[in-house]
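Quick notes on the structure that follows.
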Amino acid sequence: MSHIRGKDTRIEVLVRRYLFSRGLRFRKIDRRYPGHPDVVLPKWHTIVFINGCFWHAHQGCSKYSIPKSNVEFWTAKLTRNHDRDIAQHAALESAGWHVIVVWECELAKPVREARLERLYTEITAPGSMASNELADLANAAGSVNAGGSIV
């Protein structure tokens with residue numbers, strides 16, 4: 001297992017290239033946040049996790065199955081990974097972050113473009129955190145009269 005990559009996997013690089021090509025700027029693998037998110041978009045107050053289906057126990061996915069050998073070890077390990085992910089996402093959401101998970105199976109060639117476009121929309125949609133903050137700033141600026149006092 002020492003040869004398993006923990007960062008800069010093929011799917012992570014694919015997603016980051018797409019987001020960068022669409023003009024989004026981000027931090028990658030930021031260790032200041034729980035779970036060390038793969039992509040942090042501070043402007044949009046959004047965090048993106050790019051998960052492998054096997055390692056993060058993607059329920060209902062064909063790429064996730066418990067290996068036939070050493071079943072106890074793998075069951076415990078994958079259950080711990082899944083439970084840890086849930087706790088980390090809850091902590092980030094309670095801190096006000098919008099958390100998005102992109103699964104490895106969603107990046108298969110037939111559905112890749114649609115998923116990446118949906119990811120971009122989830123990040124930049126009018127209901128996103130950054131859009132709401134910008135609207136609040138615009139409303140605050142609009143409610144100041146010519147004398148500089150707030151109406």
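Ligands are numbered from 1 in the order shown, residues from 1 within each chain, and chains are lettered A, B, ... in the order they appear in the structure tokens.
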May I have all residues of region 7-118 of chain A that DSSP, computed from the backbone, assigns to strand (DSSP E or B), given as a ChimeraX atom specification? /A:27-28,39-41,46-51,98-103
Contacts of region 101-114 of chain A at 7 Å or less, counting only C-alpha atoms, minus same-chain residues fewer than 6 places along, as a PyMOL selection string? chain A and resi 11+48-53
Write the residues of the preceding selection, restricted to all heavy atoms, as a PDB file, in the first residue's frame.
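Listing of out_1.pdb after writing:
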ATOM      1  N   ILE A  11      -7.250  11.655 -11.168  1.00  0.00           N
ATOM      2  CA  ILE A  11      -8.552  12.320 -11.132  1.00  0.00           C
ATOM      3  C   ILE A  11      -8.465  13.702 -10.487  1.00  0.00           C
ATOM      4  O   ILE A  11      -9.172  14.619 -10.893  1.00  0.00           O
ATOM      5  CB  ILE A  11      -9.629  11.440 -10.464  1.00  0.00           C
ATOM      6  CG1 ILE A  11      -9.241  11.050  -9.052  1.00  0.00           C
ATOM      7  CG2 ILE A  11      -9.929  10.226 -11.312  1.00  0.00           C
ATOM      8  CD1 ILE A  11     -10.305  10.263  -8.294  1.00  0.00           C
ATOM      9  N   VAL A  48     -13.703  21.244  -2.254  1.00  0.00           N
ATOM     10  CA  VAL A  48     -14.002  20.095  -3.111  1.00  0.00           C
ATOM     11  C   VAL A  48     -13.101  18.929  -2.707  1.00  0.00           C
ATOM     12  O   VAL A  48     -11.875  19.076  -2.627  1.00  0.00           O
ATOM     13  CB  VAL A  48     -13.770  20.437  -4.603  1.00  0.00           C
ATOM     14  CG1 VAL A  48     -14.071  19.225  -5.477  1.00  0.00           C
ATOM     15  CG2 VAL A  48     -14.614  21.630  -5.018  1.00  0.00           C
ATOM     16  N   PHE A  49     -13.724  17.795  -2.433  1.00  0.00           N
ATOM     17  CA  PHE A  49     -13.008  16.558  -2.191  1.00  0.00           C
ATOM     18  C   PHE A  49     -13.160  15.692  -3.433  1.00  0.00           C
ATOM     19  O   PHE A  49     -14.272  15.527  -3.946  1.00  0.00           O
ATOM     20  CB  PHE A  49     -13.570  15.804  -0.988  1.00  0.00           C
ATOM     21  CG  PHE A  49     -13.227  16.426   0.329  1.00  0.00           C
ATOM     22  CD1 PHE A  49     -14.106  17.293   0.952  1.00  0.00           C
ATOM     23  CD2 PHE A  49     -12.026  16.138   0.953  1.00  0.00           C
ATOM     24  CE1 PHE A  49     -13.799  17.868   2.170  1.00  0.00           C
ATOM     25  CE2 PHE A  49     -11.695  16.707   2.166  1.00  0.00           C
ATOM     26  CZ  PHE A  49     -12.593  17.582   2.784  1.00  0.00           C
ATOM     27  N   ILE A  50     -12.073  15.138  -3.924  1.00  0.00           N
ATOM     28  CA  ILE A  50     -12.100  14.257  -5.083  1.00  0.00           C
ATOM     29  C   ILE A  50     -11.746  12.865  -4.559  1.00  0.00           C
ATOM     30  O   ILE A  50     -10.592  12.598  -4.234  1.00  0.00           O
ATOM     31  CB  ILE A  50     -11.119  14.736  -6.165  1.00  0.00           C
ATOM     32  CG1 ILE A  50     -11.450  16.174  -6.528  1.00  0.00           C
ATOM     33  CG2 ILE A  50     -11.186  13.833  -7.385  1.00  0.00           C
ATOM     34  CD1 ILE A  50     -10.310  16.948  -7.105  1.00  0.00           C
ATOM     35  N   ASN A  51     -12.753  12.017  -4.439  1.00  0.00           N
ATOM     36  CA  ASN A  51     -12.604  10.738  -3.747  1.00  0.00           C
ATOM     37  C   ASN A  51     -12.546   9.554  -4.697  1.00  0.00           C
ATOM     38  O   ASN A  51     -13.324   9.477  -5.641  1.00  0.00           O
ATOM     39  CB  ASN A  51     -13.768  10.518  -2.794  1.00  0.00           C
ATOM     40  CG  ASN A  51     -13.730  11.450  -1.601  1.00  0.00           C
ATOM     41  OD1 ASN A  51     -12.728  12.098  -1.338  1.00  0.00           O
ATOM     42  ND2 ASN A  51     -14.831  11.510  -0.880  1.00  0.00           N
ATOM     43  N   GLY A  52     -11.657   8.627  -4.382  1.00  0.00           N
ATOM     44  CA  GLY A  52     -11.644   7.337  -5.046  1.00  0.00           C
ATOM     45  C   GLY A  52     -12.762   6.491  -4.470  1.00  0.00           C
ATOM     46  O   GLY A  52     -12.971   6.465  -3.251  1.00  0.00           O
ATOM     47  N   CYS A  53     -13.488   5.810  -5.317  1.00  0.00           N
ATOM     48  CA  CYS A  53     -14.667   5.045  -4.876  1.00  0.00           C
ATOM     49  C   CYS A  53     -14.292   3.932  -3.897  1.00  0.00           C
ATOM     50  O   CYS A  53     -15.005   3.704  -2.925  1.00  0.00           O
ATOM     51  CB  CYS A  53     -15.403   4.485  -6.087  1.00  0.00           C
ATOM     52  SG  CYS A  53     -16.088   5.776  -7.140  1.00  0.00           S
TER      53      CYS A  53
END
CA of His89 (chain A) sits from CA of Ser62 (chain A) at a separation of 23.6 Å
As a check of understanding: the span from CA of Asn81 (chain A) to CA of Arg118 (chain A) is 25.9 Å
### From A:Phe54, A:Leu78, A:Trp44, A:Leu119, residue lying nearest Arg16 (chain A) [only C-alpha atoms]
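Ranking A:Phe54, A:Leu78, A:Trp44, A:Leu119 by distance to Arg16 (chain A), first place goes to A:Leu119.
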Which polymer residues have any atom within 6 Å of an atom of region 17-30 of chain A, counting only C-alpha atoms, with same-chain residues fewer than 6 positions away left out, as a PyMOL selection string? chain A and resi 36-41
Judged by only C-alpha atoms, the minimum distance to Ala95 (chain A) among A:Ser65, A:Arg10, A:His45, A:His58 is found for A:His45
CA of His56 (chain A) to CA of Lys77 (chain A), distance in Å rounded to a single decimal: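 Between CA of His56 (chain A) and CA of Lys77 (chain A) the gap works out to 9.7 Å.
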Exercise. Can you list, as a PyMOL selection string, every protein, DNA or RNA residue that comes within 9 Å of His98 (chain A) when you count only C-alpha atoms, leaving out same-chain residues fewer than 2 positions away?
Worked result: chain A and resi 44-48+92-93+96+100+123+128-129
Write out the residues from the selection above, keeping all heavy atoms, as an mmCIF file, in the first residue's frame.
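So result-v6.cif came out as:
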data_model
loop_
_atom_site.group_PDB
_atom_site.id
_atom_site.type_symbol
_atom_site.label_atom_id
_atom_site.label_comp_id
_atom_site.auth_asym_id
_atom_site.auth_seq_id
_atom_site.Cartn_x
_atom_site.Cartn_y
_atom_site.Cartn_z
ATOM 1 N N TRP A 44 -15.131 31.542 -3.302
ATOM 2 C CA TRP A 44 -16.467 30.957 -3.373
ATOM 3 C C TRP A 44 -16.854 30.261 -2.074
ATOM 4 O O TRP A 44 -17.944 29.710 -1.961
ATOM 5 C CB TRP A 44 -16.557 29.985 -4.545
ATOM 6 C CG TRP A 44 -16.235 30.642 -5.838
ATOM 7 C CD1 TRP A 44 -15.043 30.595 -6.504
ATOM 8 C CD2 TRP A 44 -17.082 31.497 -6.602
ATOM 9 N NE1 TRP A 44 -15.106 31.360 -7.637
ATOM 10 C CE2 TRP A 44 -16.351 31.930 -7.729
ATOM 11 C CE3 TRP A 44 -18.392 31.935 -6.449
ATOM 12 C CZ2 TRP A 44 -16.882 32.771 -8.684
ATOM 13 C CZ3 TRP A 44 -18.912 32.767 -7.403
ATOM 14 C CH2 TRP A 44 -18.163 33.182 -8.513
ATOM 15 N N HIS A 45 -15.954 30.262 -1.097
ATOM 16 C CA HIS A 45 -16.162 29.608 0.196
ATOM 17 C C HIS A 45 -16.607 28.159 -0.002
ATOM 18 O O HIS A 45 -17.574 27.684 0.594
ATOM 19 C CB HIS A 45 -17.162 30.396 1.031
ATOM 20 C CG HIS A 45 -16.841 30.358 2.493
ATOM 21 N ND1 HIS A 45 -15.669 30.853 3.009
ATOM 22 C CD2 HIS A 45 -17.519 29.839 3.542
ATOM 23 C CE1 HIS A 45 -15.647 30.670 4.306
ATOM 24 N NE2 HIS A 45 -16.762 30.042 4.661
ATOM 25 N N THR A 46 -15.887 27.478 -0.892
ATOM 26 C CA THR A 46 -16.231 26.109 -1.283
ATOM 27 C C THR A 46 -15.007 25.213 -1.161
ATOM 28 O O THR A 46 -13.895 25.625 -1.464
ATOM 29 C CB THR A 46 -16.744 26.090 -2.733
ATOM 30 O OG1 THR A 46 -17.904 26.919 -2.813
ATOM 31 C CG2 THR A 46 -17.099 24.694 -3.183
ATOM 32 N N ILE A 47 -15.251 23.998 -0.737
ATOM 33 C CA ILE A 47 -14.204 22.977 -0.637
ATOM 34 C C ILE A 47 -14.640 21.786 -1.469
ATOM 35 O O ILE A 47 -15.795 21.364 -1.408
ATOM 36 C CB ILE A 47 -13.972 22.578 0.830
ATOM 37 C CG1 ILE A 47 -13.239 23.719 1.538
ATOM 38 C CG2 ILE A 47 -13.225 21.267 0.940
ATOM 39 C CD1 ILE A 47 -12.965 23.477 2.994
ATOM 40 N N VAL A 48 -13.703 21.244 -2.254
ATOM 41 C CA VAL A 48 -14.002 20.095 -3.111
ATOM 42 C C VAL A 48 -13.101 18.929 -2.707
ATOM 43 O O VAL A 48 -11.875 19.076 -2.627
ATOM 44 C CB VAL A 48 -13.770 20.437 -4.603
ATOM 45 C CG1 VAL A 48 -14.071 19.225 -5.477
ATOM 46 C CG2 VAL A 48 -14.614 21.630 -5.018
ATOM 47 N N LEU A 92 -16.595 20.960 8.461
ATOM 48 C CA LEU A 92 -16.413 22.033 7.480
ATOM 49 C C LEU A 92 -17.719 22.779 7.227
ATOM 50 O O LEU A 92 -17.729 24.013 7.132
ATOM 51 C CB LEU A 92 -15.862 21.464 6.173
ATOM 52 C CG LEU A 92 -14.411 20.998 6.237
ATOM 53 C CD1 LEU A 92 -14.059 20.157 5.022
ATOM 54 C CD2 LEU A 92 -13.476 22.191 6.346
ATOM 55 N N GLU A 93 -18.820 22.050 7.122
ATOM 56 C CA GLU A 93 -20.110 22.690 6.888
ATOM 57 C C GLU A 93 -20.530 23.535 8.086
ATOM 58 O O GLU A 93 -21.092 24.616 7.913
ATOM 59 C CB GLU A 93 -21.175 21.648 6.543
ATOM 60 C CG GLU A 93 -20.983 21.092 5.150
ATOM 61 C CD GLU A 93 -21.883 19.907 4.823
ATOM 62 O OE1 GLU A 93 -22.566 19.392 5.744
ATOM 63 O OE2 GLU A 93 -21.889 19.503 3.652
ATOM 64 N N GLY A 96 -19.139 26.851 7.982
ATOM 65 C CA GLY A 96 -19.651 27.729 6.944
ATOM 66 C C GLY A 96 -19.163 27.440 5.535
ATOM 67 O O GLY A 96 -19.444 28.209 4.616
ATOM 68 N N ILE A 100 -18.277 19.966 -1.526
ATOM 69 C CA ILE A 100 -18.681 19.196 -2.698
ATOM 70 C C ILE A 100 -17.778 17.976 -2.794
ATOM 71 O O ILE A 100 -16.560 18.089 -2.643
ATOM 72 C CB ILE A 100 -18.546 20.038 -3.987
ATOM 73 C CG1 ILE A 100 -19.411 21.298 -3.902
ATOM 74 C CG2 ILE A 100 -18.919 19.209 -5.209
ATOM 75 C CD1 ILE A 100 -19.171 22.280 -5.035
ATOM 76 N N ILE A 123 -20.172 25.410 -7.916
ATOM 77 C CA ILE A 123 -19.268 26.356 -7.274
ATOM 78 C C ILE A 123 -19.718 27.794 -7.515
ATOM 79 O O ILE A 123 -19.743 28.612 -6.602
ATOM 80 C CB ILE A 123 -17.820 26.155 -7.784
ATOM 81 C CG1 ILE A 123 -17.284 24.792 -7.329
ATOM 82 C CG2 ILE A 123 -16.911 27.275 -7.304
ATOM 83 C CD1 ILE A 123 -16.001 24.374 -8.005
ATOM 84 N N SER A 128 -24.600 30.272 -4.401
ATOM 85 C CA SER A 128 -23.371 29.915 -3.691
ATOM 86 C C SER A 128 -23.007 30.996 -2.676
ATOM 87 O O SER A 128 -23.505 32.104 -2.709
ATOM 88 C CB SER A 128 -22.224 29.698 -4.677
ATOM 89 O OG SER A 128 -21.865 30.921 -5.271
ATOM 90 N N MET A 129 -22.099 30.665 -1.791
ATOM 91 C CA MET A 129 -21.718 31.564 -0.709
ATOM 92 C C MET A 129 -21.165 32.886 -1.227
ATOM 93 O O MET A 129 -21.545 33.943 -0.758
ATOM 94 C CB MET A 129 -20.662 30.885 0.176
ATOM 95 C CG MET A 129 -21.167 29.668 0.891
ATOM 96 S SD MET A 129 -22.406 30.054 2.091
ATOM 97 C CE MET A 129 -21.366 30.466 3.465
#
Item to check | Close residues, Pro67 (chain A) itself excluded, 12 Å, only C-alpha atoms, min 4 positions apart in chain, as a count of residues only | outcome: 11
